[in-house]
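Enquirer: Structure incoming, see below.
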Amino acid sequence: MRLNLKQILSGVMVILWIFTATLVLAAEEKQAITGHIYCVLPTADGVKLEPGVCPGGDHPHVVKTQDGKLVLLQESPLLKDIPRLSAEEKKNVTIEGRMVGTTTFSPEAVKWPWLNK
């Protein structure tokens with residue numbers, strides 16, 4: 001079976017269209033999430049969410065949004081001071097960035113409510 005030029009061009013166009021659609025869907029919109037930040041601490045039974053100052057060591061952080069969803073924060077220099085913040089300072093924080101996957105957020109800017117007082 002020999003392919004003619006029209007079939008080859010049609011195949012290439014389909015591949016380019018699929019590639020373009022994939023890129024468009026992968027480009028995620030910038031958004032903001034607001035909520036309370038918690039340290040995620042491992043325990044014998046699973047994990048514990050700590051609202052206050054994190055104990056020593058590196059721990060991941062989540063935001064519990066106002067509608068009760070938990071969103072994991074990717075590590076970022078913007079968040080370097082989170083482990084030392086009190087529970088009160090971790091309340092009602094607004095973080096701008098992009099969702100990476102379904103449950104992880106990549107921060108690009110942080111609005112700390114206690115700095116705006």
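Ordering of the structure tokens sets the chain letters (A, B, ...), residue numbers begin anew at 1 in every chain, and ligands are numbered from 1 in the order given.
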Can you tell me, as a list in words, what residues are no more than 10 Å from Thr34 (chain A) when counting only C-alpha atoms, ignoring any on the same chain fewer than 4 positions away?

Expert: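 Close residues of Thr34 (chain A): Val63, Lys64, Thr65, Gln66, Asp67, Lys91, Asn92, Val93, Thr94, Ile95, Glu96, Val110 and Lys111 of chain A.
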
Enquirer: Using only C-alpha atoms, determine which residues lie at most 7 Å from Leu85 (chain A), disregarding the query and same-chain residues fewer than 4 positions distant; provide the list as a CSV table (one decimal) with all heavy atoms, in the first residue's frame.

Expert:
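out_7.csv written:
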chain,number,residue,atom,x,y,z
A,52,GLY,N,0.0,25.4,63.8
A,52,GLY,CA,0.9,26.4,64.3
A,52,GLY,C,2.3,26.2,63.8
A,52,GLY,O,2.5,25.8,62.7
A,53,VAL,N,3.3,26.7,64.6
A,53,VAL,CA,4.7,26.6,64.2
A,53,VAL,C,5.1,25.1,64.0
A,53,VAL,O,4.7,24.2,64.8
A,53,VAL,CB,5.6,27.2,65.3
A,53,VAL,CG1,7.0,27.0,65.0
A,53,VAL,CG2,5.2,28.6,65.5
A,81,ASP,N,9.2,31.0,55.0
A,81,ASP,CA,8.9,31.4,56.4
A,81,ASP,C,7.7,30.7,57.0
A,81,ASP,O,7.5,30.8,58.2
A,81,ASP,CB,8.7,32.9,56.5
A,81,ASP,CG,10.0,33.7,56.2
A,81,ASP,OD1,11.1,33.2,56.4
A,81,ASP,OD2,9.8,34.8,55.6
A,89,GLU,N,-1.1,33.5,62.1
A,89,GLU,CA,-0.5,34.1,60.9
A,89,GLU,C,-0.7,33.2,59.7
A,89,GLU,O,-0.6,33.7,58.6
A,89,GLU,CB,1.0,34.3,61.1
A,89,GLU,CG,1.4,35.3,62.2
A,89,GLU,CD,2.8,35.3,62.5
A,89,GLU,OE1,3.4,34.2,62.6
A,89,GLU,OE2,3.4,36.4,62.7
A,90,LYS,N,-1.1,32.0,59.9
A,90,LYS,CA,-1.4,31.1,58.8
A,90,LYS,C,-2.8,31.1,58.3
A,90,LYS,O,-3.2,30.3,57.5
A,90,LYS,CB,-1.0,29.6,59.1
A,90,LYS,CG,0.5,29.5,59.3
A,90,LYS,CD,0.8,28.0,59.6
A,90,LYS,CE,2.3,27.8,59.8
A,90,LYS,NZ,2.6,26.3,60.1

Enquirer: If you run DSSP on this backbone, which residues of region 53-100 of chain A come out as strand (DSSP E), and could you give them as an MDAnalysis selection string?

Expert: chainID A and resid 61:65 70:73 93:100

Enquirer: Rank A:Asp58, A:Ala32, A:Pro51, A:Leu73 by their smallest atom-to-atom distance to Gly101 (chain A), using only C-alpha atoms, and report the top residue only.

Expert: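 Going through A:Asp58, A:Ala32, A:Pro51, A:Leu73 one by one, the smallest distance to Gly101 (chain A) is for A:Leu73.
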
Enquirer: Tell me which protein, DNA and RNA residues are within 6 Å of Tyr38 (chain A), counting only C-alpha atoms, leaving out same-chain ones fewer than 5 positions away, and put them as an MDAnalysis selection string.

Expert: chainID A and resid 49:51 61:62

Enquirer: How would the residues just chosen look if you wrote them out with all heavy atoms as a CSV table (one decimal), in the first residue's frame?

Expert:
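Below is the file out-v5.csv, written as the result:
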chain,number,residue,atom,x,y,z
A,49,LEU,N,-2.3,17.3,60.6
A,49,LEU,CA,-2.2,18.7,60.1
A,49,LEU,C,-1.9,19.6,61.3
A,49,LEU,O,-2.8,19.7,62.2
A,49,LEU,CB,-3.4,19.1,59.3
A,49,LEU,CG,-3.8,18.3,58.1
A,49,LEU,CD1,-5.0,18.8,57.4
A,49,LEU,CD2,-2.6,18.3,57.1
A,50,GLU,N,-0.8,20.3,61.3
A,50,GLU,CA,-0.4,21.2,62.4
A,50,GLU,C,-0.7,22.6,62.0
A,50,GLU,O,0.0,23.1,61.1
A,50,GLU,CB,1.1,20.9,62.8
A,50,GLU,CG,1.6,21.8,63.9
A,50,GLU,CD,0.9,21.5,65.2
A,50,GLU,OE1,0.7,20.3,65.5
A,50,GLU,OE2,0.5,22.4,65.9
A,51,PRO,N,-1.5,23.3,62.7
A,51,PRO,CA,-1.8,24.7,62.3
A,51,PRO,C,-0.8,25.7,62.8
A,51,PRO,O,-0.7,26.8,62.2
A,51,PRO,CB,-3.2,25.0,63.0
A,51,PRO,CG,-3.2,24.1,64.2
A,51,PRO,CD,-2.4,22.9,63.8
A,61,HIS,N,3.4,21.4,53.1
A,61,HIS,CA,2.3,22.2,53.6
A,61,HIS,C,1.1,22.1,52.7
A,61,HIS,O,1.2,21.9,51.5
A,61,HIS,CB,2.8,23.7,53.7
A,61,HIS,CG,3.8,23.9,54.7
A,61,HIS,ND1,5.2,23.8,54.4
A,61,HIS,CD2,3.8,24.3,56.0
A,61,HIS,CE1,5.9,24.0,55.5
A,61,HIS,NE2,5.1,24.3,56.4
A,62,VAL,N,-0.1,22.2,53.3
A,62,VAL,CA,-1.3,22.2,52.6
A,62,VAL,C,-2.1,23.5,53.0
A,62,VAL,O,-1.9,24.1,54.0
A,62,VAL,CB,-2.2,21.0,52.9
A,62,VAL,CG1,-1.5,19.7,52.4
A,62,VAL,CG2,-2.6,20.9,54.3

Enquirer: Could you please write out, as a list in words, every residue of region 11-116 of chain A that DSSP assigns to helix (DSSP H, G or I)?

Expert: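 DSSP-assigned helix (DSSP H, G or I) residues in region 11-116 of chain A: Gly11, Val12, Met13, Val14, Ile15, Leu16, Trp17, Ile18, Phe19, Thr20, Ala21, Thr22, Leu23, Val24, Leu25, Ala26, Pro77, Leu78, Leu79, Ile82, Pro83, Arg84, Pro113, Trp114, Leu115 and Asn116 of chain A.
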
Enquirer: Please provide the set of residues having any atom within 10 Å of Thr103 (chain A), restricted to only C-alpha atoms, with same-chain residues fewer than 3 positions apart removed, written as a ChimeraX atom specification.

Expert: /A:62,69-73,99-100

Enquirer: Write to file, as a tab-separated table (two decimals), in the first residue's frame, the residues of the selection just made, with all heavy atoms.

Expert:
chain	number	residue	atom	x	y	z
A	62	VAL	N	-0.05	22.22	53.34
A	62	VAL	CA	-1.30	22.22	52.59
A	62	VAL	C	-2.09	23.47	52.96
A	62	VAL	O	-1.87	24.08	54.01
A	62	VAL	CB	-2.18	20.98	52.88
A	62	VAL	CG1	-1.51	19.70	52.41
A	62	VAL	CG2	-2.56	20.89	54.33
A	69	LYS	N	-11.51	21.95	50.94
A	69	LYS	CA	-10.59	21.16	50.15
A	69	LYS	C	-9.16	21.33	50.66
A	69	LYS	O	-8.79	22.39	51.14
A	69	LYS	CB	-10.63	21.59	48.68
A	69	LYS	CG	-11.93	21.29	48.00
A	69	LYS	CD	-11.91	21.75	46.57
A	69	LYS	CE	-13.26	21.54	45.92
A	69	LYS	NZ	-13.30	22.11	44.58
A	70	LEU	N	-8.38	20.26	50.57
A	70	LEU	CA	-6.96	20.31	50.92
A	70	LEU	C	-6.14	20.38	49.64
A	70	LEU	O	-6.32	19.55	48.74
A	70	LEU	CB	-6.55	19.09	51.73
A	70	LEU	CG	-7.12	18.99	53.13
A	70	LEU	CD1	-6.67	17.68	53.78
A	70	LEU	CD2	-6.72	20.17	53.99
A	71	VAL	N	-5.26	21.38	49.55
A	71	VAL	CA	-4.43	21.58	48.37
A	71	VAL	C	-2.97	21.56	48.82
A	71	VAL	O	-2.57	22.36	49.67
A	71	VAL	CB	-4.75	22.92	47.66
A	71	VAL	CG1	-3.87	23.11	46.44
A	71	VAL	CG2	-6.23	22.98	47.29
A	72	LEU	N	-2.18	20.65	48.26
A	72	LEU	CA	-0.76	20.55	48.58
A	72	LEU	C	0.00	21.68	47.90
A	72	LEU	O	-0.22	21.97	46.72
A	72	LEU	CB	-0.22	19.20	48.09
A	72	LEU	CG	1.26	18.93	48.35
A	72	LEU	CD1	1.54	18.83	49.84
A	72	LEU	CD2	1.67	17.65	47.65
A	73	LEU	N	0.88	22.35	48.66
A	73	LEU	CA	1.70	23.43	48.10
A	73	LEU	C	3.04	22.88	47.65
A	73	LEU	O	3.72	22.19	48.42
A	73	LEU	CB	1.92	24.53	49.14
A	73	LEU	CG	0.67	25.26	49.61
A	73	LEU	CD1	1.03	26.24	50.72
A	73	LEU	CD2	0.01	25.99	48.46
A	99	MET	N	-2.43	25.49	39.34
A	99	MET	CA	-2.63	24.10	39.75
A	99	MET	C	-1.71	23.22	38.91
A	99	MET	O	-1.59	23.41	37.71
A	99	MET	CB	-4.07	23.66	39.58
A	99	MET	CG	-5.04	24.25	40.58
A	99	MET	SD	-4.68	23.87	42.32
A	99	MET	CE	-4.98	22.12	42.39
A	100	VAL	N	-1.04	22.29	39.57
A	100	VAL	CA	-0.20	21.31	38.90
A	100	VAL	C	-0.82	19.96	39.21
A	100	VAL	O	-0.72	19.48	40.33
A	100	VAL	CB	1.26	21.37	39.43
A	100	VAL	CG1	2.13	20.35	38.72
A	100	VAL	CG2	1.82	22.77	39.28

Enquirer: Nearest to Leu78 (chain A) among A:His36, A:Leu41, A:Pro107, A:Gly57, with distances taken over only C-alpha atoms: which residue is it?

Expert: A:Pro107

Enquirer: Quick one: distance from CA of Gly35 (chain A) to CA of Gly68 (chain A) in Å, one decimal?

Expert: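 Going from CA of Gly35 (chain A) over to CA of Gly68 (chain A) covers 8.8 Å.
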
Enquirer: Which one of A:Lys30, A:Lys48, A:Arg98, A:His59 sits closest to Lys80 (chain A) if you count only C-alpha atoms?

Expert: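 Comparing A:Lys30, A:Lys48, A:Arg98, A:His59 against Lys80 (chain A), the winner is A:His59.
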
Enquirer: Tell me, in Å to one decimal, how far CA of Val40 (chain A) is from CA of Pro60 (chain A).

Expert: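 Those two atoms sit 5.5 Å apart.
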
Enquirer: For CA of Glu88 (chain A) and CA of Val47 (chain A), quote the distance in Å rounded to one decimal.

Expert: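 Answer for the CA of Glu88 (chain A) to CA of Val47 (chain A) separation: 21.3 Å.
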